[in-house]
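The data block below is query_3.txt; it holds compact mmCIF, C-alpha atoms and all ligand atoms.
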```txt
# COMPACT_ATOMS: atom_id res chain seq x y z
CA MET A 1 -34.34 -4.82 -82.83
CA ARG A 2 -37.36 -2.57 -83.15
CA ASP A 3 -39.25 -4.71 -80.61
CA VAL A 4 -36.31 -4.59 -78.22
CA ALA A 5 -36.17 -0.76 -78.49
CA LEU A 6 -39.89 -0.49 -77.84
CA LEU A 7 -39.68 -2.88 -74.91
CA SER A 8 -36.80 -0.83 -73.44
CA LEU A 9 -38.86 2.31 -73.86
CA LEU A 10 -41.78 0.69 -72.11
CA LEU A 11 -39.51 -0.23 -69.19
CA VAL A 12 -38.24 3.35 -69.03
CA ALA A 13 -41.86 4.54 -69.13
CA ILE A 14 -42.66 2.31 -66.16
CA ALA A 15 -39.63 3.73 -64.30
CA ILE A 16 -40.79 7.28 -65.04
CA GLY A 17 -44.31 6.43 -63.93
CA TYR A 18 -42.92 4.97 -60.74
CA GLY A 19 -40.75 8.06 -60.15
CA LEU A 20 -43.64 10.46 -60.71
CA GLY A 21 -46.01 8.40 -58.59
CA TYR A 22 -43.44 8.29 -55.80
CA ARG A 23 -43.01 12.07 -55.89
CA GLN A 24 -46.72 12.74 -55.88
CA PHE A 25 -47.26 10.27 -53.07
CA GLY A 26 -44.45 11.98 -51.12
CA ARG A 27 -45.98 15.43 -51.61
CA ARG A 28 -49.39 14.28 -50.48
CA ARG A 29 -47.96 12.59 -47.42
CA HIS A 30 -46.02 15.69 -46.34
CA LEU A 31 -48.54 18.36 -47.24
CA THR A 32 -51.69 16.35 -46.52
CA GLN A 33 -53.44 18.02 -49.39
CA SER A 34 -54.70 17.02 -52.79
CA PRO A 35 -52.21 16.86 -55.72
CA THR A 36 -50.97 20.28 -56.87
CA PRO A 37 -51.97 21.48 -60.34
CA SER A 38 -48.37 21.00 -61.49
CA SER A 39 -48.27 17.34 -60.43
CA GLN A 40 -51.58 16.80 -62.17
CA THR A 41 -50.01 18.25 -65.34
CA LEU A 42 -47.02 15.97 -64.99
CA SER A 43 -49.26 12.95 -64.75
CA LYS A 44 -51.18 14.07 -67.78
CA GLU A 45 -47.99 14.50 -69.81
CA TYR A 46 -46.80 11.13 -68.64
CA PHE A 47 -49.92 9.50 -70.02
CA VAL A 48 -49.55 11.46 -73.26
CA GLY A 49 -46.04 9.98 -73.55
CA LEU A 50 -47.33 6.51 -72.80
CA ASN A 51 -49.99 6.95 -75.45
CA TYR A 52 -47.32 7.90 -78.03
CA LEU A 53 -45.38 4.82 -77.05
CA LEU A 54 -48.35 2.50 -77.41
CA ASN A 55 -49.08 4.07 -80.80
CA GLU A 56 -45.48 3.20 -81.80
CA GLN A 57 -44.30 6.83 -81.94
CA PRO A 58 -41.12 6.42 -79.86
CA ASP A 59 -39.57 9.82 -80.76
CA GLU A 60 -42.57 11.75 -79.47
CA ALA A 61 -42.75 9.47 -76.43
CA ILE A 62 -39.08 10.09 -75.52
CA ASN A 63 -39.38 13.86 -75.90
CA THR A 64 -42.47 13.92 -73.68
CA PHE A 65 -40.80 11.77 -71.03
CA ILE A 66 -37.72 14.02 -70.94
CA ASN A 67 -39.95 17.08 -70.53
CA VAL A 68 -41.81 15.64 -67.54
CA LEU A 69 -38.79 14.24 -65.82
CA ALA A 70 -36.92 16.70 -63.60
CA VAL A 71 -33.34 15.75 -62.75
CA ASN A 72 -32.97 14.60 -59.15
CA SER A 73 -31.40 11.64 -57.38
CA ASP A 74 -34.57 9.57 -57.93
CA THR A 75 -34.62 10.09 -61.67
CA VAL A 76 -30.91 10.01 -62.65
CA ASP A 77 -31.05 6.29 -63.50
CA THR A 78 -34.04 6.88 -65.77
CA HIS A 79 -32.23 9.73 -67.57
CA ILE A 80 -29.20 7.45 -68.04
CA ALA A 81 -31.46 4.69 -69.36
CA LEU A 82 -33.00 7.15 -71.86
CA GLY A 83 -29.50 8.23 -72.96
CA LYS A 84 -28.52 4.60 -73.53
CA LEU A 85 -31.68 4.09 -75.53
CA PHE A 86 -30.87 7.04 -77.82
CA ARG A 87 -27.35 5.70 -78.33
CA ALA A 88 -28.68 2.24 -79.16
CA ARG A 89 -31.01 3.88 -81.71
CA GLY A 90 -28.01 5.52 -83.39
CA GLU A 91 -28.83 8.99 -81.99
CA ALA A 92 -25.76 9.49 -79.84
CA ASP A 93 -26.01 13.31 -80.19
CA LYS A 94 -29.28 13.24 -78.22
CA ALA A 95 -27.65 10.95 -75.65
CA VAL A 96 -24.84 13.54 -75.29
CA SER A 97 -27.44 16.27 -74.53
CA ILE A 98 -29.10 14.14 -71.86
CA HIS A 99 -25.81 13.19 -70.20
CA GLN A 100 -24.36 16.72 -70.36
CA ASN A 101 -27.60 18.03 -68.86
CA LEU A 102 -27.13 15.58 -65.98
CA LEU A 103 -23.51 16.62 -65.42
CA ALA A 104 -24.57 20.25 -65.13
CA ARG A 105 -26.40 19.37 -61.88
CA PRO A 106 -24.08 20.07 -58.94
CA ALA A 107 -25.74 17.78 -56.37
CA LEU A 108 -24.73 14.44 -57.88
CA SER A 109 -22.78 11.89 -55.86
CA GLN A 110 -19.24 11.07 -57.07
CA ARG A 111 -20.36 7.58 -58.07
CA THR A 112 -23.19 8.94 -60.21
CA ASN A 113 -20.86 11.55 -61.67
CA GLU A 114 -18.40 8.87 -62.75
CA GLN A 115 -21.23 6.76 -64.18
CA ILE A 116 -22.33 9.70 -66.34
CA HIS A 117 -18.73 10.37 -67.42
CA LEU A 118 -18.54 6.77 -68.66
CA GLU A 119 -21.87 7.08 -70.49
CA LEU A 120 -20.77 10.34 -72.10
CA ALA A 121 -17.50 8.70 -73.19
CA ARG A 122 -19.56 5.92 -74.83
CA ASP A 123 -21.68 8.58 -76.60
CA PHE A 124 -18.59 10.36 -77.97
CA MET A 125 -17.12 7.06 -79.10
CA ALA A 126 -20.34 6.28 -80.94
CA LEU A 127 -20.04 9.71 -82.61
CA GLY A 128 -16.38 9.05 -83.48
CA VAL A 129 -15.19 12.00 -81.32
CA HIS A 130 -12.38 9.99 -79.77
CA ASP A 131 -10.34 12.80 -78.17
CA ARG A 132 -13.28 13.95 -76.02
CA ALA A 133 -14.09 10.33 -75.06
CA GLN A 134 -10.45 9.78 -74.11
CA ARG A 135 -10.37 12.90 -71.90
CA LEU A 136 -13.49 11.73 -70.03
CA LEU A 137 -12.05 8.24 -69.52
CA ASN A 138 -8.74 9.63 -68.27
CA THR A 139 -10.66 11.77 -65.76
CA VAL A 140 -12.39 8.66 -64.39
CA LEU A 141 -9.08 6.77 -64.26
CA GLU A 142 -7.34 9.63 -62.44
CA HIS A 143 -10.02 10.31 -59.83
CA SER A 144 -12.10 7.17 -59.32
CA GLY A 145 -11.53 4.81 -56.41
CA ASP A 146 -14.29 2.49 -57.63
CA ASP A 147 -12.81 -0.73 -59.10
CA GLU A 148 -15.85 -1.38 -61.29
CA HIS A 149 -15.71 2.12 -62.83
CA ARG A 150 -11.93 1.94 -63.32
CA TYR A 151 -12.24 -1.41 -65.12
CA ALA A 152 -15.08 -0.09 -67.31
CA ALA A 153 -12.98 3.02 -68.14
CA LYS A 154 -9.97 0.86 -69.04
CA GLN A 155 -12.10 -1.39 -71.24
CA LEU A 156 -13.53 1.63 -73.07
CA LEU A 157 -10.09 3.23 -73.40
CA VAL A 158 -8.67 0.01 -74.86
CA ASP A 159 -11.61 -0.20 -77.27
CA LEU A 160 -10.92 3.39 -78.34
CA LEU A 161 -7.18 2.83 -78.78
CA GLU A 162 -7.92 -0.33 -80.77
CA ARG A 163 -10.19 1.63 -83.11
CA GLU A 164 -7.35 4.14 -83.57
CA LYS A 165 -4.92 1.26 -84.19
CA ALA A 166 -2.78 2.56 -81.29
CA TRP A 167 -1.69 -1.02 -80.50
CA GLN A 168 1.24 -0.18 -78.23
CA GLN A 169 -0.81 2.20 -76.08
CA ALA A 170 -3.64 -0.36 -75.87
CA LEU A 171 -1.13 -2.97 -74.70
CA GLU A 172 0.17 -0.64 -71.98
CA VAL A 173 -3.38 -0.09 -70.64
CA ILE A 174 -4.32 -3.76 -70.72
CA GLN A 175 -1.12 -5.35 -69.40
CA PRO A 176 -1.84 -4.84 -65.66
CA LEU A 177 -5.25 -6.54 -66.12
CA PHE A 178 -4.02 -9.92 -67.44
CA LYS A 179 -3.79 -11.59 -64.05
CA GLN A 180 -7.36 -10.75 -63.07
CA HIS A 181 -8.82 -11.01 -66.59
CA PRO A 182 -6.93 -13.73 -68.52
CA LYS A 183 -9.37 -13.51 -71.47
CA LEU A 184 -7.75 -10.16 -72.39
CA ARG A 185 -4.60 -12.03 -73.45
CA ARG A 186 -6.13 -13.03 -76.78
CA PRO A 187 -6.79 -9.51 -78.15
CA ALA A 188 -3.38 -8.41 -76.80
CA ALA A 189 -1.69 -11.23 -78.76
CA HIS A 190 -3.39 -9.94 -81.93
CA TRP A 191 -2.23 -6.37 -81.24
CA LEU A 192 1.31 -7.76 -81.03
CA CYS A 193 0.69 -9.42 -84.42
CA GLU A 194 -0.42 -6.01 -85.77
CA LEU A 195 2.79 -4.45 -84.40
CA ALA A 196 4.79 -7.29 -86.00
CA ILE A 197 3.18 -6.61 -89.40
CA GLU A 198 4.08 -2.91 -89.04
CA ALA A 199 7.66 -3.90 -88.17
CA ILE A 200 7.84 -6.22 -91.22
CA HIS A 201 6.70 -3.34 -93.45
CA GLU A 202 9.40 -1.16 -91.92
CA ALA A 203 11.97 -3.92 -92.60
CA SER A 204 12.54 -4.46 -88.86
CA ARG A 205 12.31 -8.25 -88.92
CA PRO A 206 14.02 -8.92 -85.53
CA ILE A 207 11.48 -6.61 -83.85
CA ALA A 208 8.63 -8.36 -85.67
CA LYS A 209 9.91 -11.73 -84.43
CA LYS A 210 10.11 -10.40 -80.86
CA HIS A 211 6.47 -9.21 -81.01
CA LEU A 212 5.29 -12.55 -82.40
CA LYS A 213 7.10 -14.59 -79.77
CA LYS A 214 5.58 -12.37 -77.08
CA ALA A 215 2.15 -12.90 -78.69
CA LEU A 216 2.59 -16.66 -78.31
CA GLN A 217 3.67 -16.23 -74.70
CA LEU A 218 0.46 -14.33 -74.04
CA ASP A 219 -1.76 -16.72 -75.98
CA GLU A 220 -0.22 -20.05 -76.96
CA LYS A 221 -3.22 -20.70 -79.22
CA CYS A 222 -2.58 -17.62 -81.38
CA VAL A 223 -2.61 -19.19 -84.88
CA ARG A 224 -1.94 -15.82 -86.48
CA ALA A 225 1.40 -15.38 -84.66
CA THR A 226 2.52 -18.90 -85.64
CA LEU A 227 1.50 -18.31 -89.24
CA LEU A 228 3.36 -14.98 -89.42
CA LEU A 229 6.48 -16.55 -87.89
CA ALA A 230 6.30 -19.40 -90.45
CA GLU A 231 5.87 -16.94 -93.35
CA MET A 232 8.91 -15.01 -92.12
CA GLU A 233 10.93 -18.26 -92.09
CA VAL A 234 9.79 -19.02 -95.68
CA ASP A 235 10.88 -15.51 -96.76
CA ASN A 236 14.28 -16.11 -95.16
CA GLY A 237 14.64 -19.45 -96.97
CA HIS A 238 14.42 -21.47 -93.72
CA TYR A 239 11.86 -23.93 -95.07
CA GLY A 240 12.39 -26.66 -92.46
CA ARG A 241 11.82 -24.18 -89.62
CA ALA A 242 8.72 -22.82 -91.37
CA ILE A 243 7.27 -26.35 -91.62
CA GLU A 244 8.04 -27.00 -87.95
CA ARG A 245 6.12 -23.87 -86.99
CA LEU A 246 3.17 -24.72 -89.24
CA ASP A 247 3.04 -28.15 -87.64
CA HIS A 248 1.83 -26.44 -84.42
CA ILE A 249 -1.26 -24.94 -86.03
CA PRO A 250 -3.52 -28.05 -86.02
CA ARG A 251 -2.82 -28.35 -82.29
CA GLN A 252 -3.56 -24.66 -81.75
CA GLU A 253 -6.83 -24.76 -83.70
CA ILE A 254 -7.70 -27.64 -85.99
CA ALA A 255 -10.25 -25.56 -87.97
CA HIS A 256 -7.35 -23.35 -89.15
CA ILE A 257 -5.66 -26.13 -91.16
CA PRO A 258 -7.09 -24.63 -94.41
CA THR A 259 -5.64 -21.22 -93.37
CA MET A 260 -2.10 -22.62 -93.15
CA LEU A 261 -2.14 -24.59 -96.43
CA PRO A 262 -0.80 -21.82 -98.75
CA ALA A 263 2.21 -21.26 -96.44
CA LEU A 264 2.79 -25.03 -96.21
CA LYS A 265 2.74 -25.33 -100.00
CA HIS A 266 5.27 -22.47 -100.34
CA ALA A 267 7.60 -23.97 -97.75
CA TYR A 268 7.71 -27.41 -99.43
CA LEU A 269 7.62 -26.42 -103.09
CA ARG A 270 10.23 -23.65 -102.78
CA ASN A 271 12.41 -26.33 -101.24
CA ASP A 272 11.65 -28.66 -104.21
CA ASP A 273 10.18 -31.23 -101.82
CA GLU A 274 6.99 -32.40 -103.51
CA ALA A 275 7.08 -35.81 -101.84
CA GLY A 276 7.39 -34.16 -98.41
CA TYR A 277 4.42 -31.91 -99.24
CA ALA A 278 2.28 -34.91 -100.26
CA ALA A 279 3.24 -36.84 -97.11
CA HIS A 280 2.41 -33.81 -94.95
CA LEU A 281 -0.99 -33.41 -96.64
CA TYR A 282 -1.80 -37.11 -96.05
CA ARG A 283 -0.83 -36.63 -92.39
CA LEU A 284 -3.15 -33.63 -92.10
CA LEU A 285 -5.94 -35.56 -93.79
CA GLU A 286 -5.75 -38.16 -91.04
CA GLN A 287 -6.36 -35.40 -88.51
CA ALA A 288 -9.21 -33.69 -90.37
CA PRO A 289 -10.80 -34.64 -93.73
CA TYR A 290 -11.07 -31.02 -94.93
CA THR A 291 -11.85 -30.22 -98.58
CA SER A 292 -8.88 -27.84 -98.94
CA ILE A 293 -6.48 -30.65 -98.03
CA ILE A 294 -8.21 -33.08 -100.43
CA ILE A 295 -8.07 -30.53 -103.27
CA ALA A 296 -4.40 -29.70 -102.56
CA LEU A 297 -3.61 -33.42 -102.73
CA GLY A 298 -5.70 -33.79 -105.90
CA GLN A 299 -3.75 -30.95 -107.58
CA LEU A 300 -0.47 -32.59 -106.64
CA VAL A 301 -1.55 -36.02 -107.95
CA GLN A 302 -3.01 -34.44 -111.12
CA GLN A 303 0.36 -32.82 -111.85
CA ARG A 304 2.39 -35.89 -110.96
CA ASP A 305 0.29 -38.88 -112.13
CA GLY A 306 -2.37 -37.37 -114.39
CA VAL A 307 -5.99 -36.38 -114.20
CA ASP A 308 -7.48 -39.89 -113.94
CA LYS A 309 -5.46 -40.71 -110.83
CA ALA A 310 -6.63 -37.42 -109.32
CA ILE A 311 -10.27 -38.35 -110.11
CA GLU A 312 -9.77 -41.69 -108.35
CA LEU A 313 -8.30 -40.02 -105.26
CA ILE A 314 -10.87 -37.22 -105.03
CA GLY A 315 -13.78 -39.63 -105.62
CA GLU A 316 -12.56 -41.87 -102.83
CA HIS A 317 -12.16 -39.03 -100.32
CA LEU A 318 -15.47 -37.43 -101.26
CA ARG A 319 -17.28 -40.66 -100.45
CA ALA A 320 -15.91 -40.40 -96.90
CA ALA A 321 -16.28 -36.61 -96.53
CA PRO A 322 -18.75 -35.17 -99.06
CA SER A 323 -18.42 -31.45 -99.77
CA LEU A 324 -19.57 -28.91 -102.33
CA GLY A 325 -16.02 -27.67 -103.03
CA GLY A 326 -14.80 -31.23 -103.54
CA LEU A 327 -17.66 -32.03 -105.93
CA ASP A 328 -16.96 -28.86 -107.92
CA TYR A 329 -13.29 -29.82 -108.23
CA LEU A 330 -14.21 -33.39 -109.24
CA ILE A 331 -16.44 -32.05 -112.05
CA ASP A 332 -13.52 -29.87 -113.23
CA LEU A 333 -11.35 -32.98 -113.31
CA TYR A 334 -13.93 -34.94 -115.37
CA ILE A 335 -14.19 -32.06 -117.86
CA GLU A 336 -10.38 -31.94 -118.11
CA SER A 337 -10.22 -35.72 -118.55
CA GLN A 338 -12.70 -35.58 -121.47
CA ARG A 339 -10.70 -32.77 -123.09
CA LEU A 340 -7.46 -34.77 -122.78
CA ASN A 341 -9.21 -37.82 -124.26
CA GLY A 342 -9.93 -35.82 -127.43
CA LYS A 343 -13.61 -35.01 -126.88
CA PRO A 344 -14.28 -31.81 -128.87
CA SER A 345 -16.57 -30.40 -126.12
CA PRO A 346 -17.44 -31.61 -122.60
CA ASP A 347 -20.53 -33.70 -121.89
CA THR A 348 -23.56 -31.35 -121.54
CA ARG A 349 -24.63 -33.16 -118.33
CA LEU A 350 -21.25 -32.32 -116.80
CA LEU A 351 -21.60 -28.69 -117.88
CA LEU A 352 -25.07 -28.54 -116.28
CA LEU A 353 -23.70 -29.95 -113.03
CA LYS A 354 -20.82 -27.46 -113.17
CA HIS A 355 -23.31 -24.63 -113.68
CA HIS A 356 -25.13 -25.69 -110.49
CA THR A 357 -22.03 -26.13 -108.34
CA ASP A 358 -20.69 -22.74 -109.54
CA ALA A 359 -23.95 -21.06 -108.49
CA LEU A 360 -23.93 -22.80 -105.09
CA MET A 361 -20.24 -21.99 -104.53
CA LEU A 362 -20.89 -18.33 -105.26
CA ASN A 363 -23.38 -18.07 -102.39
CA ARG A 364 -21.58 -20.18 -99.83
CA THR A 365 -19.96 -18.81 -96.69
CA ARG A 366 -16.24 -19.54 -96.45
CA HIS A 367 -15.63 -18.12 -92.97
CA ARG A 368 -17.86 -17.49 -89.99
CA CYS A 369 -17.45 -15.81 -86.61
CA ARG A 370 -17.89 -18.44 -83.89
CA HIS A 371 -18.99 -15.71 -81.47
CA CYS A 372 -21.66 -13.74 -83.36
CA GLY A 373 -22.21 -15.74 -86.57
CA PHE A 374 -20.91 -12.99 -88.93
CA ALA A 375 -20.27 -14.49 -92.37
CA SER A 376 -17.21 -13.47 -94.37
CA ASP A 377 -15.65 -14.63 -97.61
CA ALA A 378 -12.08 -13.89 -96.60
CA LEU A 379 -10.50 -14.65 -93.23
CA GLN A 380 -10.45 -11.60 -90.95
CA TRP A 381 -8.62 -11.79 -87.63
CA GLN A 382 -10.99 -9.30 -85.96
CA CYS A 383 -14.71 -9.78 -86.50
CA PRO A 384 -16.11 -6.52 -87.98
CA SER A 385 -19.45 -7.23 -86.35
CA CYS A 386 -18.74 -8.21 -82.70
CA ARG A 387 -15.11 -6.94 -82.78
CA TYR A 388 -13.82 -10.12 -81.11
CA TRP A 389 -10.36 -11.26 -82.15
CA GLY A 390 -9.61 -14.72 -83.54
CA THR A 391 -13.22 -15.88 -83.63
CA ILE A 392 -13.63 -15.98 -87.45
CA LYS A 393 -12.68 -19.43 -88.70
CA PRO A 394 -13.17 -21.49 -91.87
CA VAL A 395 -16.63 -23.05 -92.11
CA ILE A 396 -16.55 -26.82 -91.67
CA GLY A 397 -19.17 -29.12 -93.23
CA VAL A 398 -20.71 -29.98 -96.61
CA GLU A 399 -20.83 -26.34 -97.76
CA GLY A 400 -17.38 -25.47 -96.40
CA GLU A 401 -14.41 -27.63 -95.55
ZN ZN A 501 -18.31 -11.80 -84.51
```
What would the structure in this file look like if it were written as structure tokens?
Ligand SMILES: [Zn+2]
Amino acid sequence: MRDVALLSLLLVAIAIGYGLGYRQFGRRRHLTQSPTPSSQTLSKEYFVGLNYLLNEQPDEAINTFINVLAVNSDTVDTHIALGKLFRARGEADKAVSIHQNLLARPALSQRTNEQIHLELARDFMALGVHDRAQRLLNTVLEHSGDDEHRYAAKQLLVDLLEREKAWQQALEVIQPLFKQHPKLRRPAAHWLCELAIEAIHEASRPIAKKHLKKALQLDEKCVRATLLLAEMEVDNGHYGRAIERLDHIPRQEIAHIPTMLPALKHAYLRNDDEAGYAAHLYRLLEQAPYTSIIIALGQLVQQRDGVDKAIELIGEHLRAAPSLGGLDYLIDLYIESQRLNGKPSPDTRLLLLKHHTDALMLNRTRHRCRHCGFASDALQWQCPSCRYWGTIKPVIGVEGE
């Protein structure tokens, strides 16, 4: 990150150098005289800035560059680049000063003016001053005829509304964009899920159901909407309908089978249908040999036929699909088996193995964002790192499922 910031600064420095060189060359060409004392000073300051940069003193370098760089149409892009750099360094207040300074110049073209409005909105968002950012974005949306700027303003506005959890307003902004930008359907489906959860808390179940059905119309792969609908059916005692809904999830996203297992267990066991639950788990296992399914089956067999049958089943499945979680469960079963067989304390070798699997399990990653790699213990529908929706999924493999 530090290298990237320094590289960006170096690029800005080159742009400034180019701008200054261009101006000096222009003066010489028009006046046919040697460089003025002021342009000589500018060049000197420029090299002072460059020296700071090469000595890895970026703050001093930036301040020097700002001082030498007058605002005009040739240098606006460089000022904007410096503002972006400050924001990326977490100094959005300095970026605000640069962008406000630019806006104070009356001779800017409308396009440049809108570009600076957008940058300033980004600065205020970074500072958490959402009302000012929103006003700037609304100004661009009201006055701009530039499609690119309008789309950027809408994207920023939606980002802002999302941060404020203003789901309905965000949906209203994004709806007209679906045709041209179908990838926006996925976040919108999640906002509908958020609205559904709010409706459930307010005891407005029919409204919640309406939001969830709309979410699935927008994004048929929205596992979260299906899961919420199934949980609502379980709460209403409609277990068959809940199971039907859950049956869609492996087709929507196979990696989310572990996510749906608790709801599946509720639906079958509240309906006193243990055999149905076992059959369903076997069916899922044929689709994906995930550890959560194997453990759920093991628990069922342990309860029904005893611990030794469970050991047999888990051992067999672990040979085909080895996993840390499965091994840990198998060790638990062996310890339980020894206890039931009247051993006063478990075999020390088993306890040592258990100690190791416990330590490994503690450090493992249960869920990971498929977009940015963010690791999370619990499932989160929006990645806190890249802010994408629906990209965090259970980890598959020896350490995970
Ligand atoms: Zn992410």
Using all atoms listed in the file, which residues sit within 12 Å of region 297-309 of chain A once same-chain residues fewer than 3 positions away are excluded, as a PDB file with C-alpha atoms, in the coordinates of the input?
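Final output, around09.pdb:
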```pdb
ATOM      1  CA  LEU A 261      -2.140 -24.590 -96.430  1.00  0.00           C
ATOM      2  CA  LYS A 265       2.740 -25.330-100.000  1.00  0.00           C
ATOM      3  CA  LEU A 269       7.620 -26.420-103.090  1.00  0.00           C
ATOM      4  CA  ASP A 273      10.180 -31.230-101.820  1.00  0.00           C
ATOM      5  CA  GLU A 274       6.990 -32.400-103.510  1.00  0.00           C
ATOM      6  CA  ALA A 275       7.080 -35.810-101.840  1.00  0.00           C
ATOM      7  CA  GLY A 276       7.390 -34.160 -98.410  1.00  0.00           C
ATOM      8  CA  TYR A 277       4.420 -31.910 -99.240  1.00  0.00           C
ATOM      9  CA  ALA A 278       2.280 -34.910-100.260  1.00  0.00           C
ATOM     10  CA  ALA A 279       3.240 -36.840 -97.110  1.00  0.00           C
ATOM     11  CA  HIS A 280       2.410 -33.810 -94.950  1.00  0.00           C
ATOM     12  CA  LEU A 281      -0.990 -33.410 -96.640  1.00  0.00           C
ATOM     13  CA  TYR A 282      -1.800 -37.110 -96.050  1.00  0.00           C
ATOM     14  CA  ARG A 283      -0.830 -36.630 -92.390  1.00  0.00           C
ATOM     15  CA  LEU A 284      -3.150 -33.630 -92.100  1.00  0.00           C
ATOM     16  CA  LEU A 285      -5.940 -35.560 -93.790  1.00  0.00           C
ATOM     17  CA  PRO A 289     -10.800 -34.640 -93.730  1.00  0.00           C
ATOM     18  CA  TYR A 290     -11.070 -31.020 -94.930  1.00  0.00           C
ATOM     19  CA  THR A 291     -11.850 -30.220 -98.580  1.00  0.00           C
ATOM     20  CA  SER A 292      -8.880 -27.840 -98.940  1.00  0.00           C
ATOM     21  CA  ILE A 293      -6.480 -30.650 -98.030  1.00  0.00           C
ATOM     22  CA  ILE A 294      -8.210 -33.080-100.430  1.00  0.00           C
ATOM     23  CA  GLU A 312      -9.770 -41.690-108.350  1.00  0.00           C
ATOM     24  CA  LEU A 313      -8.300 -40.020-105.260  1.00  0.00           C
ATOM     25  CA  ILE A 314     -10.870 -37.220-105.030  1.00  0.00           C
ATOM     26  CA  GLY A 315     -13.780 -39.630-105.620  1.00  0.00           C
ATOM     27  CA  GLU A 316     -12.560 -41.870-102.830  1.00  0.00           C
ATOM     28  CA  HIS A 317     -12.160 -39.030-100.320  1.00  0.00           C
ATOM     29  CA  LEU A 318     -15.470 -37.430-101.260  1.00  0.00           C
ATOM     30  CA  GLY A 326     -14.800 -31.230-103.540  1.00  0.00           C
ATOM     31  CA  TYR A 329     -13.290 -29.820-108.230  1.00  0.00           C
ATOM     32  CA  LEU A 330     -14.210 -33.390-109.240  1.00  0.00           C
ATOM     33  CA  ILE A 331     -16.440 -32.050-112.050  1.00  0.00           C
ATOM     34  CA  ASP A 332     -13.520 -29.870-113.230  1.00  0.00           C
ATOM     35  CA  LEU A 333     -11.350 -32.980-113.310  1.00  0.00           C
ATOM     36  CA  TYR A 334     -13.930 -34.940-115.370  1.00  0.00           C
ATOM     37  CA  ILE A 335     -14.190 -32.060-117.860  1.00  0.00           C
ATOM     38  CA  GLU A 336     -10.380 -31.940-118.110  1.00  0.00           C
ATOM     39  CA  SER A 337     -10.220 -35.720-118.550  1.00  0.00           C
ATOM     40  CA  GLN A 338     -12.700 -35.580-121.470  1.00  0.00           C
ATOM     41  CA  ARG A 339     -10.700 -32.770-123.090  1.00  0.00           C
ATOM     42  CA  LEU A 340      -7.460 -34.770-122.780  1.00  0.00           C
ATOM     43  CA  ASN A 341      -9.210 -37.820-124.260  1.00  0.00           C
TER      44      ASN A 341
END
```
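Going from CA of Asp219 (chain A) to CA of Ala188 (chain A) covers 8.5 Å.
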Please, which residues have at least one atom within 8 Å of an atom of ligand ZN 501 (chain A), using all atoms listed in the file, listed as a list in words?
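Residues satisfying the distance criterion: Arg368, Cys369, Arg370, His371, Cys372, Gly373, Phe374, Gln382, Cys383, Pro384, Ser385, Cys386, Arg387, Tyr388, Thr391 and Ile392 of chain A.
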Please provide the set of residues having any atom within 10 Å of Phe86 (chain A), restricted to all atoms listed in the file, with same-chain residues fewer than 3 positions apart removed, written as a PyMOL selection string.
chain A and resi 5+59+62+80-83+89-96+98+123
Any chance you can output those residues with C-alpha atoms as a PDB file, keeping the file's coordinate frame?
```
ATOM      1  CA  ALA A   5     -36.170  -0.760 -78.490  1.00  0.00           C
ATOM      2  CA  ASP A  59     -39.570   9.820 -80.760  1.00  0.00           C
ATOM      3  CA  ILE A  62     -39.080  10.090 -75.520  1.00  0.00           C
ATOM      4  CA  ILE A  80     -29.200   7.450 -68.040  1.00  0.00           C
ATOM      5  CA  ALA A  81     -31.460   4.690 -69.360  1.00  0.00           C
ATOM      6  CA  LEU A  82     -33.000   7.150 -71.860  1.00  0.00           C
ATOM      7  CA  GLY A  83     -29.500   8.230 -72.960  1.00  0.00           C
ATOM      8  CA  ARG A  89     -31.010   3.880 -81.710  1.00  0.00           C
ATOM      9  CA  GLY A  90     -28.010   5.520 -83.390  1.00  0.00           C
ATOM     10  CA  GLU A  91     -28.830   8.990 -81.990  1.00  0.00           C
ATOM     11  CA  ALA A  92     -25.760   9.490 -79.840  1.00  0.00           C
ATOM     12  CA  ASP A  93     -26.010  13.310 -80.190  1.00  0.00           C
ATOM     13  CA  LYS A  94     -29.280  13.240 -78.220  1.00  0.00           C
ATOM     14  CA  ALA A  95     -27.650  10.950 -75.650  1.00  0.00           C
ATOM     15  CA  VAL A  96     -24.840  13.540 -75.290  1.00  0.00           C
ATOM     16  CA  ILE A  98     -29.100  14.140 -71.860  1.00  0.00           C
ATOM     17  CA  ASP A 123     -21.680   8.580 -76.600  1.00  0.00           C
TER      18      ASP A 123
END
```
So which residues touch Arg364 (chain A) within 12 Å, counting all atoms listed in the file, skipping near sequence neighbours fewer than 6 positions away, as a PyMOL selection string?
chain A and resi 323-325+357-358+375-378+394-401
Surrounding residues of Gly390 (chain A) excluding itself and chain neighbours under 4 positions, 9 Å, all atoms listed in the file, as an NGL selection string:
:A and (186-187 or 190 or 222-224 or 369 or 380-383)
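The gap separating CA of Glu286 (chain A) from CA of Ala320 (chain A) is 11.9 Å, in Å to one decimal.
CA of His256 (chain A) to CA of Lys393 (chain A) spans 6.6 Å [interatomic distance, one decimal].
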Within 12 Å of region 180-182 of chain A using only C-alpha atoms, minus same-chain residues under 6 positions, as a PyMOL selection string:
chain A and resi 151+155+174+188-189+218-219
My list of candidates is A:Leu327, A:Lys154, A:Asp347, A:Ala225. Which is closest to Leu360 (chain A) when distances are computed with all atoms listed in the file?
A:Leu327
Take the point (6.8, -22.4, -93.0) in the file's coordinates, draw a sphere of radius 9 Å around it, and report as a ChimeraX atom specification every protein, DNA or RNA residue with an atom inside or on it, counting all atoms listed in the file.
/A:227-235,238-247,260,263-268
